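Q: Sharing a structure with you now.
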Amino acid sequence: MVSQEQRRRQLAREKFLRQQQRRTQARRKSRVRNSVIASVLGVVVIGSVALYTTGVLKNDDKKTNASAEVTPSAPPTSKAPDPCAKPAAGSVKKQSWKKEPAMTIDTSAKYTLTLATTCGDIDVALKASAAPHTVNSFDFLAGKGYFDHTKCHRLTTRDIYVLQCGDPQGTGMGGPGYTLPDENLKDKSLKNSTYPAGTVAMANTGQKHTGGSQFFLVYKDSPLPPKYAPFGTIGTAGMKVLNKIAAAGESTGNGDGAPNATVVINKATVGKS
């Protein structure tokens with residue numbers, strides 16, 4: 001027969017286990033809610049931690065990468081037809097630099113990033129005055145042909161809604177060799193920890209000042225903490241292209257994987273007006 005003292009101890013253990021389970025569930029929900037566009041994009045490993053996305057947009061080279069914490073798995077869906085054309089002839093350049101390029105842009109001028117993709121052109125109005133280091137880096141990299149012929153390697157379709165690009169490796173692990181400071185994190189568009197549709201922002205490792213070349217384009221309002229430097233806004237025509245890509249879905253059926261559409265940046269250019 002169980003004594004009163006034994007029963008008391010058993011109930012105490014059960015109460016402790018329930019508390020631990022609740023705390024674990026709360027931490028898991030918090031991670032899923034607060035982590036963002038990081039990549040690998042199916043699954044990204046940063047250090048020894050593997051994150052499978054529902055929220056984080058992160059860069060994953062040694063200093064600048066992209067990763068993401070995961071959304072709950074969803075049943076596989078049938079693959080939609082590829083809405084995009086074949087990539088232009090050419091190959092990705094293997095380029096790396098030891099430090100951030102010198103500042104050459106005019107922060108008082110207006111700049112536009114044009115991504116000529118296999119799915120259509122995406123024009124982005126850049127925020128040179130609010131994110132000068134980021135815009136200057138894109139001007140430099142685009143001028144070197146760094147983004148040309150690169151794949152947009154990640155599409156998320158649950159909880160956060162972004163297309164991630166900018167990795168020459170196409171794995172979520174690549175970067176230019178240098179990192180950028182976080183900028184414009186108090187942009188007035190980032191209300192209630194939400195990145196609105198049309199935002200273009202930098203991916204990072206989840207640590208401060210680890211942006212590189214990977215970036216994400218938001219096609220639907222996405223709940224993300226203000227940790228990813230917003231540096232541009234997509235125009236109306238570009239949003240139609242982005243929504244076409246999103247409508248084709250991603251490869252895993254779980255809400256985070258390679259886009260079913262063949263999204264390749266044939267040419268990236270930055271223009272000043």
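Going by the structure tokens order, chains are called A, B, ..., each with residues numbered from 1, while ligands are numbered from 1 in the order shown.
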Excluding Leu185 in chain A and residues on its chain fewer than 6 positions from it, collect all residues at most 9 Å away from it, counting only C-alpha atoms, and give them as a CSV table (one decimal) with all heavy atoms, in the first residue's frame.
A:
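Contents of around.csv, freshly written:
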```csv
chain,number,residue,atom,x,y,z
A,226,PRO,N,12.0,43.0,-35.2
A,226,PRO,CA,12.7,43.9,-36.0
A,226,PRO,C,14.2,43.7,-35.9
A,226,PRO,O,14.9,44.5,-35.3
A,226,PRO,CB,12.3,45.3,-35.4
A,226,PRO,CG,11.9,44.9,-34.0
A,226,PRO,CD,11.3,43.6,-34.0
A,227,LYS,N,14.7,42.7,-36.5
A,227,LYS,CA,16.2,42.3,-36.4
A,227,LYS,C,16.8,42.2,-37.8
A,227,LYS,O,18.0,42.0,-37.9
A,227,LYS,CB,16.3,41.0,-35.7
A,227,LYS,CG,15.9,41.0,-34.2
A,227,LYS,CD,16.1,39.6,-33.6
A,227,LYS,CE,15.8,39.6,-32.1
A,227,LYS,NZ,16.0,38.3,-31.5
A,228,TYR,N,16.0,42.4,-38.8
A,228,TYR,CA,16.5,42.3,-40.2
A,228,TYR,C,16.4,43.6,-40.9
A,228,TYR,O,15.3,44.1,-41.1
A,228,TYR,CB,15.7,41.1,-40.9
A,228,TYR,CG,15.6,39.9,-40.0
A,228,TYR,CD1,14.6,39.7,-39.1
A,228,TYR,CD2,16.7,39.0,-40.0
A,228,TYR,CE1,14.5,38.6,-38.3
A,228,TYR,CE2,16.6,37.9,-39.2
A,228,TYR,CZ,15.6,37.7,-38.3
A,228,TYR,OH,15.5,36.6,-37.5
A,229,ALA,N,17.5,44.1,-41.3
A,229,ALA,CA,17.6,45.5,-41.8
A,229,ALA,C,16.7,45.6,-43.1
A,229,ALA,O,17.0,45.1,-44.1
A,229,ALA,CB,19.0,45.8,-42.2
A,230,PRO,N,15.6,46.4,-43.0
A,230,PRO,CA,14.8,46.7,-44.2
A,230,PRO,C,15.5,47.8,-45.0
A,230,PRO,O,15.8,48.9,-44.5
A,230,PRO,CB,13.5,47.2,-43.6
A,230,PRO,CG,13.8,47.8,-42.3
A,230,PRO,CD,15.1,47.1,-41.8
```
Q: Give me, as CSV, each residue of range 126-165 of chain A that comes within 9 Å of range 105-112 of chain A, together with its shortest interatomic pair and the distance in Å at one decimal, counting only C-alpha atoms, with rows ordered by chain and rising residue number.
A:
```
residue,atom,partner,partner_atom,distance
A:Leu126,CA,A:Tyr111,CA,5.4
A:Lys127,CA,A:Tyr111,CA,7.6
A:Ala128,CA,A:Thr107,CA,5.1
A:Ser129,CA,A:Thr107,CA,4.7
A:Ala130,CA,A:Thr107,CA,8.3
A:Ala131,CA,A:Thr107,CA,8.8
A:Pro132,CA,A:Thr107,CA,6.4
A:Val135,CA,A:Ile105,CA,8.0
A:Asn136,CA,A:Ile105,CA,5.8
A:Asp139,CA,A:Ile105,CA,7.9
```
Q: Please identify all polymer residues within 7 Å of Val162 in chain A, counting only C-alpha atoms, omitting same-chain residues fewer than 4 positions from it, and present them as a compact mmCIF listing (two decimals) with C-alpha atoms, in the first residue's frame.
A:
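Generated file (part08.txt):
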```txt
# COMPACT_ATOMS: atom_id res chain seq x y z
CA LEU A 155 10.40 30.10 -50.07
CA THR A 156 8.35 30.07 -46.87
CA PHE A 216 14.40 38.27 -48.44
CA LEU A 217 11.37 39.66 -50.23
CA VAL A 218 8.11 39.69 -48.28
CA TYR A 219 5.02 38.81 -50.35
```
Q: Please provide the set of residues having any atom within 8 Å of Gly235 in chain A, restricted to only C-alpha atoms, with same-chain residues fewer than 6 positions apart removed, written as a PyMOL selection string.
A: chain A and resi 122-125+198
Q: Would you output that residue set with C-alpha atoms, as a PDB file, in the first residue's frame?
A:
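Output below, filename again-v4.pdb:
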```pdb
ATOM      1  CA  ILE A 122      11.327  42.847 -59.679  1.00  0.00           C
ATOM      2  CA  ASP A 123      12.079  46.533 -59.089  1.00  0.00           C
ATOM      3  CA  VAL A 124      12.992  47.658 -55.585  1.00  0.00           C
ATOM      4  CA  ALA A 125      13.120  51.272 -54.409  1.00  0.00           C
ATOM      5  CA  GLY A 198       6.606  44.515 -50.271  1.00  0.00           C
TER       6      GLY A 198
END
```
Q: Leaving out Tyr195 in chain A and any residue of its chain fewer than 5 positions from it, which residues lie within 6 Å of it when counting only C-alpha atoms, given as a PyMOL selection string?
A: chain A and resi 190+221-222
Q: Residues as selected, C-alpha atoms, written as a PDB file, in the first residue's frame, can you do that?
A:
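Output (part-v7.pdb):
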```
ATOM      1  CA  LEU A 190       7.778  47.782 -39.022  1.00  0.00           C
ATOM      2  CA  ASP A 221       2.612  40.533 -44.042  1.00  0.00           C
ATOM      3  CA  SER A 222       4.912  38.435 -41.853  1.00  0.00           C
TER       4      SER A 222
END
```
Q: With distances taken over only C-alpha atoms, which of A:Pro83, A:Gly206, A:Val92, A:Phe138 is nearest to Gly271 in chain A?
A: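 For Gly271 in chain A, the nearest of the given residues is A:Phe138.
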Q: Hey, can you check how far CA of Lys220 in chain A sits from CA of Leu163 in chain A?
A: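 These two atoms are separated by 10.4 Å.
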Q: With only C-alpha atoms as the atoms that count, which of A:Gln95, A:Asn204, A:Ser137, A:Ser273 lies nearest to Gly172 in chain A?
A: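 Among A:Gln95, A:Asn204, A:Ser137, A:Ser273, it is A:Asn204 that comes nearest to Gly172 in chain A.
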Q: Quote the spacing between CA of Cys84 in chain A and CA of Pro223 in chain A in Å to one decimal place.
A: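 So the answer is 28.2 Å.
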Q: Just to confirm, what's the straight-line distance from CA of Pro87 in chain A to CA of Asn266 in chain A in Å (one decimal)?
A: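 CA of Asn266 in chain A lies at a distance of 6.5 Å from CA of Pro87 in chain A.
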Q: Where in range 178-242 of chain A does DSSP assign strand (DSSP E), given as a list of chain:residue names?
A: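 Strand (DSSP E) members of range 178-242 of chain A, listed: A:Thr194, A:Tyr195, A:Thr199, A:Val200, A:Ala201, A:Met202, A:Phe215, A:Phe216, A:Leu217, A:Val218, A:Ser222, A:Pro223, A:Pro230, A:Phe231, A:Gly232, A:Thr233, A:Ile234.
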Q: Output N, CA and C atoms for every residue in that selection, as an mmCIF file, in the first residue's frame.
A:
```cif
data_model
loop_
_atom_site.group_PDB
_atom_site.id
_atom_site.type_symbol
_atom_site.label_atom_id
_atom_site.label_comp_id
_atom_site.auth_asym_id
_atom_site.auth_seq_id
_atom_site.Cartn_x
_atom_site.Cartn_y
_atom_site.Cartn_z
ATOM 1 N N THR A 194 5.960 43.277 -37.309
ATOM 2 C CA THR A 194 5.489 42.735 -38.580
ATOM 3 C C THR A 194 6.231 43.395 -39.732
ATOM 4 N N TYR A 195 6.733 42.566 -40.655
ATOM 5 C CA TYR A 195 7.332 43.072 -41.886
ATOM 6 C C TYR A 195 6.243 43.045 -42.952
ATOM 7 N N THR A 199 8.211 44.492 -48.449
ATOM 8 C CA THR A 199 9.483 44.825 -47.801
ATOM 9 C C THR A 199 10.611 43.951 -48.348
ATOM 10 N N VAL A 200 11.786 44.540 -48.519
ATOM 11 C CA VAL A 200 12.995 43.784 -48.827
ATOM 12 C C VAL A 200 13.965 44.028 -47.672
ATOM 13 N N ALA A 201 14.443 42.956 -47.061
ATOM 14 C CA ALA A 201 15.287 43.093 -45.875
ATOM 15 C C ALA A 201 16.437 42.094 -45.910
ATOM 16 N N MET A 202 17.435 42.360 -45.075
ATOM 17 C CA MET A 202 18.611 41.496 -45.022
ATOM 18 C C MET A 202 18.368 40.271 -44.150
ATOM 19 N N PHE A 215 19.201 38.149 -48.823
ATOM 20 C CA PHE A 215 18.101 39.050 -48.519
ATOM 21 C C PHE A 215 16.777 38.336 -48.763
ATOM 22 N N PHE A 216 15.708 38.887 -48.215
ATOM 23 C CA PHE A 216 14.403 38.274 -48.443
ATOM 24 C C PHE A 216 13.369 39.301 -48.863
ATOM 25 N N LEU A 217 12.445 38.831 -49.698
ATOM 26 C CA LEU A 217 11.368 39.662 -50.229
ATOM 27 C C LEU A 217 10.053 39.171 -49.636
ATOM 28 N N VAL A 218 9.340 40.060 -48.981
ATOM 29 C CA VAL A 218 8.110 39.690 -48.282
ATOM 30 C C VAL A 218 6.915 39.838 -49.220
ATOM 31 N N SER A 222 4.275 39.529 -42.580
ATOM 32 C CA SER A 222 4.912 38.435 -41.853
ATOM 33 C C SER A 222 5.341 38.865 -40.453
ATOM 34 N N PRO A 223 4.922 38.108 -39.428
ATOM 35 C CA PRO A 223 5.301 38.447 -38.049
ATOM 36 C C PRO A 223 6.760 38.097 -37.791
ATOM 37 N N PRO A 230 15.603 46.432 -43.010
ATOM 38 C CA PRO A 230 14.774 46.707 -44.190
ATOM 39 C C PRO A 230 15.454 47.784 -45.029
ATOM 40 N N PHE A 231 15.682 47.488 -46.301
ATOM 41 C CA PHE A 231 16.426 48.451 -47.107
ATOM 42 C C PHE A 231 15.767 48.761 -48.444
ATOM 43 N N GLY A 232 14.558 48.254 -48.675
ATOM 44 C CA GLY A 232 13.896 48.548 -49.934
ATOM 45 C C GLY A 232 12.429 48.165 -49.934
ATOM 46 N N THR A 233 11.717 48.671 -50.951
ATOM 47 C CA THR A 233 10.289 48.385 -51.098
ATOM 48 C C THR A 233 10.015 47.970 -52.545
ATOM 49 N N ILE A 234 9.295 46.877 -52.722
ATOM 50 C CA ILE A 234 9.003 46.329 -54.049
ATOM 51 C C ILE A 234 7.850 47.094 -54.697
#
```
Q: Choose the residue, out of A:Ala89, A:Ile160, A:Ala102, A:Leu113, that has the smallest atom-to-atom separation from Thr269 in chain A; count only C-alpha atoms.
A: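 Using only C-alpha atoms, Thr269 in chain A sits closest to A:Leu113.
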Q: Of the candidates A:Lys240, A:Leu115, A:Gly170, A:Pro176, which shows the shortest atom-to-atom distance to Leu141 in chain A, using only C-alpha atoms?
A: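 Counting only C-alpha atoms, the residue closest to Leu141 in chain A is A:Pro176.
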